[in-house]
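Colleague: Sharing a structure here in structure tokens format.
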Number of protein chains: 2
Amino acid sequence: MAHIKDVAKQAEVSVASVSRVLAGHPKVSETIRQRVLTAIQELGYRPDLAARRLRSRQTNTIGLIVSDIRNPFFTEVSRAVEDVAYQHHMRVILCNADEDAEKEALYLDLMRDENVRGVILSPTLVTLAGFHTSDYPFPIVLVDRCDQNTIADAVVLDNVDSAYRLTTHLIENGYRRNVFFYGTTSATGRQRREGYAAAMAAHGLESHAEPLPAIVERARAAARERLRRRPLPDALVASSGLILLGITEALREAQIHFPDPVTVVGFDDLPWTRLVEPGITVIAQPIYDIGRAAIELLLQRIAKPEQAVRRVVLRGQLIERGSSVNRNNPTGLVTAA
Amino acid sequence: MAHIKDVAKQAEVSVASVSRVLAGHPKVSETIRQRVLTAIQELGYRPDLAARRLRSRQTNTIGLIVSDIRNPFFTEVSRAVEDVAYQHHMRVILCNADEDAEKEALYLDLMRDENVRGVILSPTLVTLAGFHTSDYPFPIVLVDRCDQNTIADAVVLDNVDSAYRLTTHLIENGYRRNVFFYGTTSATGRQRREGYAAAMAAHGLESHAEPLPAIVERARAAARERLRRRPLPDALVASSGLILLGITEALREAQIHFPDPVTVVGFDDLPWTRLVEPGITVIAQPIYDIGRAAIELLLQRIAKPEQAVRRVVLRGQLIERGSSVNRNNPTGLVTAA
DNA sequence: CTGTTAGCGCCTTCAC
DNA sequence: GTGAAGGCGCTAACAG
């Protein structure tokens, strides 16, 4: 392995000149430039990142802390973050915190040890409470989860409004007894519940919101339980893709072929939601864009640490499928997506 | 930020002693040990990883290069790899190579620059051809994809056998005109095609294997095209979860409610395969175990560079669902999973 | 514009 | 058992 000294010797220049060429420094003569470049070629020299990082006190690394990469939402976010990061010659360290505030803190510490340039974080409610950017030696961008009071760069969906639109759509199509299943660990679940409750109230209907740990098994169990009770609801509403999956599994178990007597709608336009007959009505999130916006925001923040705090809100899109077919007019066809 | 010097001063010992305590060196007196530990506490000292890496010429980082993290198979592999890696205080750098051999080479170079301890790689056929571990300055474990001739640590499914069992199951249940859709970029697709072809031949049936780029859109298009031609096949067989999704979408488009007149089976027990009525028969891969085996193999190799090359082969499990119901005996019920 | 030099923070001989 | 000192490979002053 060749070192910078070897290159300097080979090119018959000083190590400083080599370093300057490497850094793309403007004030180097074309002669030296070429000599150095040739020497680098000949020796197959590659700078030692460890040395560079030690000396410059900077890494080209950012951290991404999500609850679970297996959640399709975060999978897609991660892909977007990595795409943009690598384009900017940044590495990404990915961490799964499992909705556990302690693990989040642990990984945040790890990020500090790694001396990352910044972090993208999808925090639990616990971490979000009393969250202050200034507690960390690096900038943080929140993704997917952020409440009104938190002062931090963030990229989120218009959760309240999307849930309001989804619920209103249900009600207008004749589904009135709607139960909302949402995750307790995130601000997102709460906000969506709020939108749901507002829509129900606006139509003089009573809210039934069931909080649960946002994993498939618990959602399935909760839905199963609810389906045993009478009277049956008209619709089950899921605040996330994972919960939607659990509910749909419970319906299948119970041999209920939605939309009758009970239907299901929810968040996240996952591939299978259009496959399950007659298709599930969902709020589609622009997930890749959410991830991209987050990493771009972080890169901007790194470049300009003093710029004003920004919150990017992206709009969810209602995609109507068979699961919310008009009950008042059963023959009214809905465009299948 | 406190440095090792500060700790030494505070504890009134030399930096060497601090370093020894940090390294858990056995020959340090309990007195000094305690003094150092206290000082570390008081100062909130954390060792500088960049300096440590420069000095020791070692990182605690491994690379994971897959085609696309959004492929649920690799999502799960990644989760397993990260879980085990973090337990061993290793970081993971994740790269998406998009089935592109050039990107694979690029990322492999990047891994070299990062001076990783090892790499887990899911190579394209191009990279696999002429692949030699000795070309890289770090150990590599192949995951999911490896051919018979390649001499390298690897963790794979029993692809040929699994495909053979899946196809035989189809045939025995009365599906004879079976078309196999498989990805062209990986060794895995080929091996599964082989198993399929062997099973067809064993029953005196003609093979129809359609190679395609292993992405949903292309699989959907290929299936759509095949469904336009006559005579219709009895079954479409997918060599991967992504292809299975594409085929299922095409069937839905064509308003074909499998298993009649055309059915679908394939690889990967994704959550939705049991949701789509009447359930899709699949080969379930123990994906998490595959990922775990890969990282464990890599860690062993790092610990013992000279140990014999290992290939771990995991068995796929046939899960019978409605999509392969017995045609000869239509009332014969299949256990729904 | 170019070269010399002093560290970045840590680990690890080497003496004692 | 402990301390002093050199150097990992590189960058950034500072001179020239």
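Going by the structure tokens order, chains are called A, B, ..., each with residues numbered from 1, while ligands are numbered from 1 in the order shown.
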Find the residues near Gly266 in chain B: any atom within 7 Å, counting only C-alpha atoms (C1' of nucleotides), skip ones fewer than 5 places away on the same chain, and give them as a list in words.
Modeller: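 Within the cut-off, the hits are Val237, Ala238, Ser239, Ser240, Leu244, Thr281, Val282 and Ile283 of chain B.
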Colleague: Tell me as a list in words which residues belonging to chain B come within 7 Å of chain A, counting only C-alpha atoms.
Modeller: Asp48, Leu49, Ala50, Ala51, Arg53, Leu54, Ile69, Arg70, Thr75, Glu76, Arg79, Val92, Ile93, Asp113, Glu114, Glu249, Arg252, Trp272, Leu275 and Val276 of chain B
Colleague: Give one line per residue of chain A that approaches chain C to at most 8 Å, naming the two atoms of the closest pair and their distance in Å to one decimal, counting only C-alpha atoms (C1' of nucleotides); sort by chain then ascending residue number and deliver it as a Markdown table.
Modeller:
| residue | atom | partner | partner_atom | distance |
| --- | --- | --- | --- | --- |
| A:Ser14 | CA | C:DG3 | C1' | 5.9 |
| A:Ala16 | CA | C:DG3 | C1' | 7.2 |
| A:Ser17 | CA | C:DT2 | C1' | 7.2 |
| A:Lys27 | CA | C:DC1 | C1' | 6.6 |
| A:Val28 | CA | C:DC1 | C1' | 6.4 |
| A:Ser29 | CA | C:DC1 | C1' | 7.0 |
| A:Leu54 | CA | C:DC8 | C1' | 5.5 |
| A:Arg55 | CA | C:DC8 | C1' | 4.5 |
| A:Ser56 | CA | C:DC8 | C1' | 7.4 |
| A:Arg57 | CA | C:DC8 | C1' | 7.4 |
Colleague: Could the residues in this selection be written to a file with N, CA and C atoms, as an mmCIF file, in the first residue's frame?
Modeller:
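Output saved as selection_28.cif:
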data_model
loop_
_atom_site.group_PDB
_atom_site.id
_atom_site.type_symbol
_atom_site.label_atom_id
_atom_site.label_comp_id
_atom_site.auth_asym_id
_atom_site.auth_seq_id
_atom_site.Cartn_x
_atom_site.Cartn_y
_atom_site.Cartn_z
ATOM 1 N N SER A 14 6.709 17.774 -2.790
ATOM 2 C CA SER A 14 6.503 17.605 -1.352
ATOM 3 C C SER A 14 5.152 16.955 -1.071
ATOM 4 N N ALA A 16 3.007 18.074 0.803
ATOM 5 C CA ALA A 16 2.009 19.138 0.827
ATOM 6 C C ALA A 16 1.378 19.312 -0.549
ATOM 7 N N SER A 17 2.212 19.246 -1.559
ATOM 8 C CA SER A 17 1.683 19.405 -2.919
ATOM 9 C C SER A 17 0.736 18.264 -3.266
ATOM 10 N N LYS A 27 -4.552 26.587 -6.085
ATOM 11 C CA LYS A 27 -3.231 27.163 -6.338
ATOM 12 C C LYS A 27 -2.110 26.124 -6.465
ATOM 13 N N VAL A 28 -2.237 25.295 -7.483
ATOM 14 C CA VAL A 28 -1.149 24.372 -7.803
ATOM 15 C C VAL A 28 -0.889 24.453 -9.300
ATOM 16 N N SER A 29 0.363 24.477 -9.639
ATOM 17 C CA SER A 29 0.710 24.599 -11.056
ATOM 18 C C SER A 29 0.313 23.328 -11.789
ATOM 19 N N LEU A 54 -8.720 11.572 11.226
ATOM 20 C CA LEU A 54 -8.077 11.998 12.472
ATOM 21 C C LEU A 54 -7.585 13.431 12.332
ATOM 22 N N ARG A 55 -6.896 13.659 11.265
ATOM 23 C CA ARG A 55 -6.283 14.965 11.065
ATOM 24 C C ARG A 55 -7.349 16.052 10.878
ATOM 25 N N SER A 56 -8.326 15.780 10.061
ATOM 26 C CA SER A 56 -9.298 16.825 9.748
ATOM 27 C C SER A 56 -10.403 16.941 10.791
ATOM 28 N N ARG A 57 -10.416 16.015 11.740
ATOM 29 C CA ARG A 57 -11.472 16.018 12.759
ATOM 30 C C ARG A 57 -12.853 15.953 12.129
#
Colleague: Could you please tell me, as a list of chain:residue names, which residues of chain D have an atom within 8 Å of chain B when using only C-alpha atoms (C1' of nucleotides)?
Modeller: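 Therefore, the residues near the partner are D:DG1, D:DT2, D:DG3, D:DC8, D:DG9.
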Colleague: Where does DSSP see strand (DSSP E) in range 43-276 of chain B, if you list the residues as a ChimeraX atom specification?
Modeller: /B:61-66,91-96,118-121,140-143,153-157,178-183,208-212,235-238,263-267
Colleague: Between CA of Leu128 in chain A and CA of Cys146 in chain A, what is the distance in Å, rounded to a tenth?
Modeller: 7.2 Å
Colleague: Any idea what's packed within 10 Å of range 289-297 of chain A, counting only C-alpha atoms (C1' of nucleotides), ignoring anything in its chain fewer than 6 positions away? Could you give it as a ChimeraX atom specification?
Modeller: /A:62,64,73-85,118-121,140-144,153-157,303,309-314
Colleague: Grab the residues selected above and save them as an mmCIF file, in the first residue's frame with C-alpha atoms.
Modeller:
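Saved result, result-v3.cif, follows:
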data_model
loop_
_atom_site.group_PDB
_atom_site.id
_atom_site.type_symbol
_atom_site.label_atom_id
_atom_site.label_comp_id
_atom_site.auth_asym_id
_atom_site.auth_seq_id
_atom_site.Cartn_x
_atom_site.Cartn_y
_atom_site.Cartn_z
ATOM 1 C CA ILE A 62 -24.108 10.304 8.716
ATOM 2 C CA LEU A 64 -29.807 6.918 10.233
ATOM 3 C CA PHE A 73 -41.694 2.687 5.245
ATOM 4 C CA PHE A 74 -38.218 2.858 6.687
ATOM 5 C CA THR A 75 -36.832 0.545 4.041
ATOM 6 C CA GLU A 76 -37.802 3.063 1.409
ATOM 7 C CA VAL A 77 -36.612 6.011 3.476
ATOM 8 C CA SER A 78 -33.292 4.285 3.941
ATOM 9 C CA ARG A 79 -32.911 3.699 0.235
ATOM 10 C CA ALA A 80 -33.520 7.373 -0.499
ATOM 11 C CA VAL A 81 -31.130 8.494 2.209
ATOM 12 C CA GLU A 82 -28.398 6.200 0.954
ATOM 13 C CA ASP A 83 -28.859 7.183 -2.675
ATOM 14 C CA VAL A 84 -28.430 10.862 -1.957
ATOM 15 C CA ALA A 85 -25.739 10.355 0.653
ATOM 16 C CA GLY A 118 -25.289 14.499 11.257
ATOM 17 C CA VAL A 119 -28.145 12.152 12.069
ATOM 18 C CA ILE A 120 -31.559 11.384 10.660
ATOM 19 C CA LEU A 121 -33.795 10.125 13.405
ATOM 20 C CA ILE A 140 -30.316 16.090 13.617
ATOM 21 C CA VAL A 141 -33.190 15.904 11.184
ATOM 22 C CA LEU A 142 -36.340 14.205 12.396
ATOM 23 C CA VAL A 143 -38.146 12.072 9.887
ATOM 24 C CA ASP A 144 -41.724 10.783 9.959
ATOM 25 C CA ASP A 153 -35.511 20.242 11.327
ATOM 26 C CA ALA A 154 -38.092 17.697 10.319
ATOM 27 C CA VAL A 155 -39.754 16.008 7.353
ATOM 28 C CA VAL A 156 -43.214 14.633 7.975
ATOM 29 C CA LEU A 157 -46.508 13.778 6.336
ATOM 30 C CA ALA A 303 -23.307 23.149 5.081
ATOM 31 C CA VAL A 309 -35.055 25.580 11.422
ATOM 32 C CA ARG A 310 -37.182 24.017 8.731
ATOM 33 C CA ARG A 311 -40.127 21.711 8.733
ATOM 34 C CA VAL A 312 -41.058 20.028 5.476
ATOM 35 C CA VAL A 313 -44.607 18.695 5.317
ATOM 36 C CA LEU A 314 -45.533 16.386 2.465
#
Colleague: Which neighbours of range 183-191 of chain A fall inside 9 Å, counting only C-alpha atoms (C1' of nucleotides), when residues of the same chain fewer than 5 positions from it are skipped, and could you give them as a PyMOL selection string?
Modeller: chain A and resi 99-100+122-126+128+144-147+156-161+163+196+210-215+219+239-240+243
Colleague: Please write the residues from the selection above to a file, keeping N, CA and C atoms, as a short mmCIF file (atom, residue, chain, number, x, y, z; two decimals), in the first residue's frame.
Modeller:
data_model
loop_
_atom_site.label_atom_id
_atom_site.label_comp_id
_atom_site.auth_asym_id
_atom_site.auth_seq_id
_atom_site.Cartn_x
_atom_site.Cartn_y
_atom_site.Cartn_z
N GLU A 99 -38.20 0.77 18.45
CA GLU A 99 -39.17 1.56 19.23
C GLU A 99 -38.77 1.65 20.70
N ASP A 100 -37.50 1.53 20.95
CA ASP A 100 -37.00 1.50 22.32
C ASP A 100 -36.14 2.76 22.56
N SER A 122 -35.85 8.90 13.58
CA SER A 122 -37.29 8.73 13.66
C SER A 122 -37.59 8.36 15.11
N PRO A 123 -37.84 9.37 15.94
CA PRO A 123 -37.82 9.15 17.38
C PRO A 123 -39.11 8.56 17.95
N THR A 124 -38.97 7.84 19.05
CA THR A 124 -40.15 7.45 19.82
C THR A 124 -40.66 8.70 20.54
N LEU A 125 -41.86 8.56 21.09
CA LEU A 125 -42.44 9.68 21.83
C LEU A 125 -41.56 10.06 23.01
N VAL A 126 -41.00 9.05 23.66
CA VAL A 126 -40.15 9.28 24.83
C VAL A 126 -38.95 10.16 24.47
N LEU A 128 -38.72 12.05 21.88
CA LEU A 128 -39.20 13.33 21.34
C LEU A 128 -39.53 14.31 22.47
N ASP A 144 -40.47 11.49 9.70
CA ASP A 144 -41.72 10.78 9.96
C ASP A 144 -42.40 11.19 11.26
N ARG A 145 -41.62 11.53 12.27
CA ARG A 145 -42.20 11.79 13.58
C ARG A 145 -41.71 13.09 14.18
N CYS A 146 -42.65 13.94 14.48
CA CYS A 146 -42.29 15.21 15.09
C CYS A 146 -43.57 15.84 15.58
N ASP A 147 -43.55 16.44 16.76
CA ASP A 147 -44.78 17.10 17.18
C ASP A 147 -44.66 18.61 17.01
N VAL A 156 -42.09 15.47 7.56
CA VAL A 156 -43.21 14.63 7.97
C VAL A 156 -44.35 14.69 6.96
N LEU A 157 -45.29 13.77 7.13
CA LEU A 157 -46.51 13.78 6.34
C LEU A 157 -47.51 14.73 7.00
N ASP A 158 -48.49 15.17 6.25
CA ASP A 158 -49.56 15.96 6.85
C ASP A 158 -50.51 14.99 7.55
N ASN A 159 -50.04 14.46 8.66
CA ASN A 159 -50.73 13.35 9.32
C ASN A 159 -52.18 13.64 9.69
N VAL A 160 -52.38 14.76 10.36
CA VAL A 160 -53.73 15.08 10.81
C VAL A 160 -54.66 15.19 9.61
N ASP A 161 -54.24 15.95 8.64
CA ASP A 161 -55.09 16.17 7.48
C ASP A 161 -55.33 14.88 6.69
N ALA A 163 -55.32 11.80 7.74
CA ALA A 163 -56.24 10.94 8.49
C ALA A 163 -57.65 11.51 8.43
N TYR A 196 -58.42 11.56 12.60
CA TYR A 196 -59.56 10.63 12.59
C TYR A 196 -60.67 11.13 13.50
N GLU A 210 -58.06 2.68 19.24
CA GLU A 210 -57.38 1.67 20.04
C GLU A 210 -55.87 1.77 19.90
N PRO A 211 -55.22 2.17 20.99
CA PRO A 211 -53.76 2.27 20.96
C PRO A 211 -53.13 0.89 21.10
N LEU A 212 -52.00 0.69 20.45
CA LEU A 212 -51.30 -0.60 20.55
C LEU A 212 -49.85 -0.45 20.10
N PRO A 213 -49.00 -1.39 20.50
CA PRO A 213 -47.63 -1.38 19.99
C PRO A 213 -47.68 -1.63 18.48
N ALA A 214 -46.99 -0.80 17.74
CA ALA A 214 -47.14 -0.80 16.29
C ALA A 214 -46.41 -1.96 15.61
N ILE A 215 -46.81 -3.17 15.93
CA ILE A 215 -46.26 -4.31 15.21
C ILE A 215 -47.40 -5.19 14.72
N ALA A 219 -51.35 -5.83 16.22
CA ALA A 219 -52.48 -5.29 15.45
C ALA A 219 -53.45 -6.41 15.11
N SER A 239 -53.41 3.03 11.26
CA SER A 239 -52.59 4.25 11.21
C SER A 239 -51.23 4.00 10.58
N SER A 240 -50.95 2.77 10.17
CA SER A 240 -49.66 2.51 9.50
C SER A 240 -49.74 1.22 8.71
N ILE A 243 -49.73 -2.01 10.86
CA ILE A 243 -51.02 -2.24 11.50
C ILE A 243 -52.05 -2.69 10.47
#
Colleague: May I have all residues of range 14-218 of chain B that DSSP, computed from the backbone, assigns to alpha helix (DSSP H), given as a count of residues only?
Modeller: 98
Colleague: When you draw a straight line from CA of Ser323 in chain B to CA of Ile280 in chain B, how long is it in Å?
Modeller: 4.9 Å
Colleague: State, in Å with one decimal place, the distance from CA of His3 in chain B to CA of His89 in chain A.
Modeller: 28.9 Å
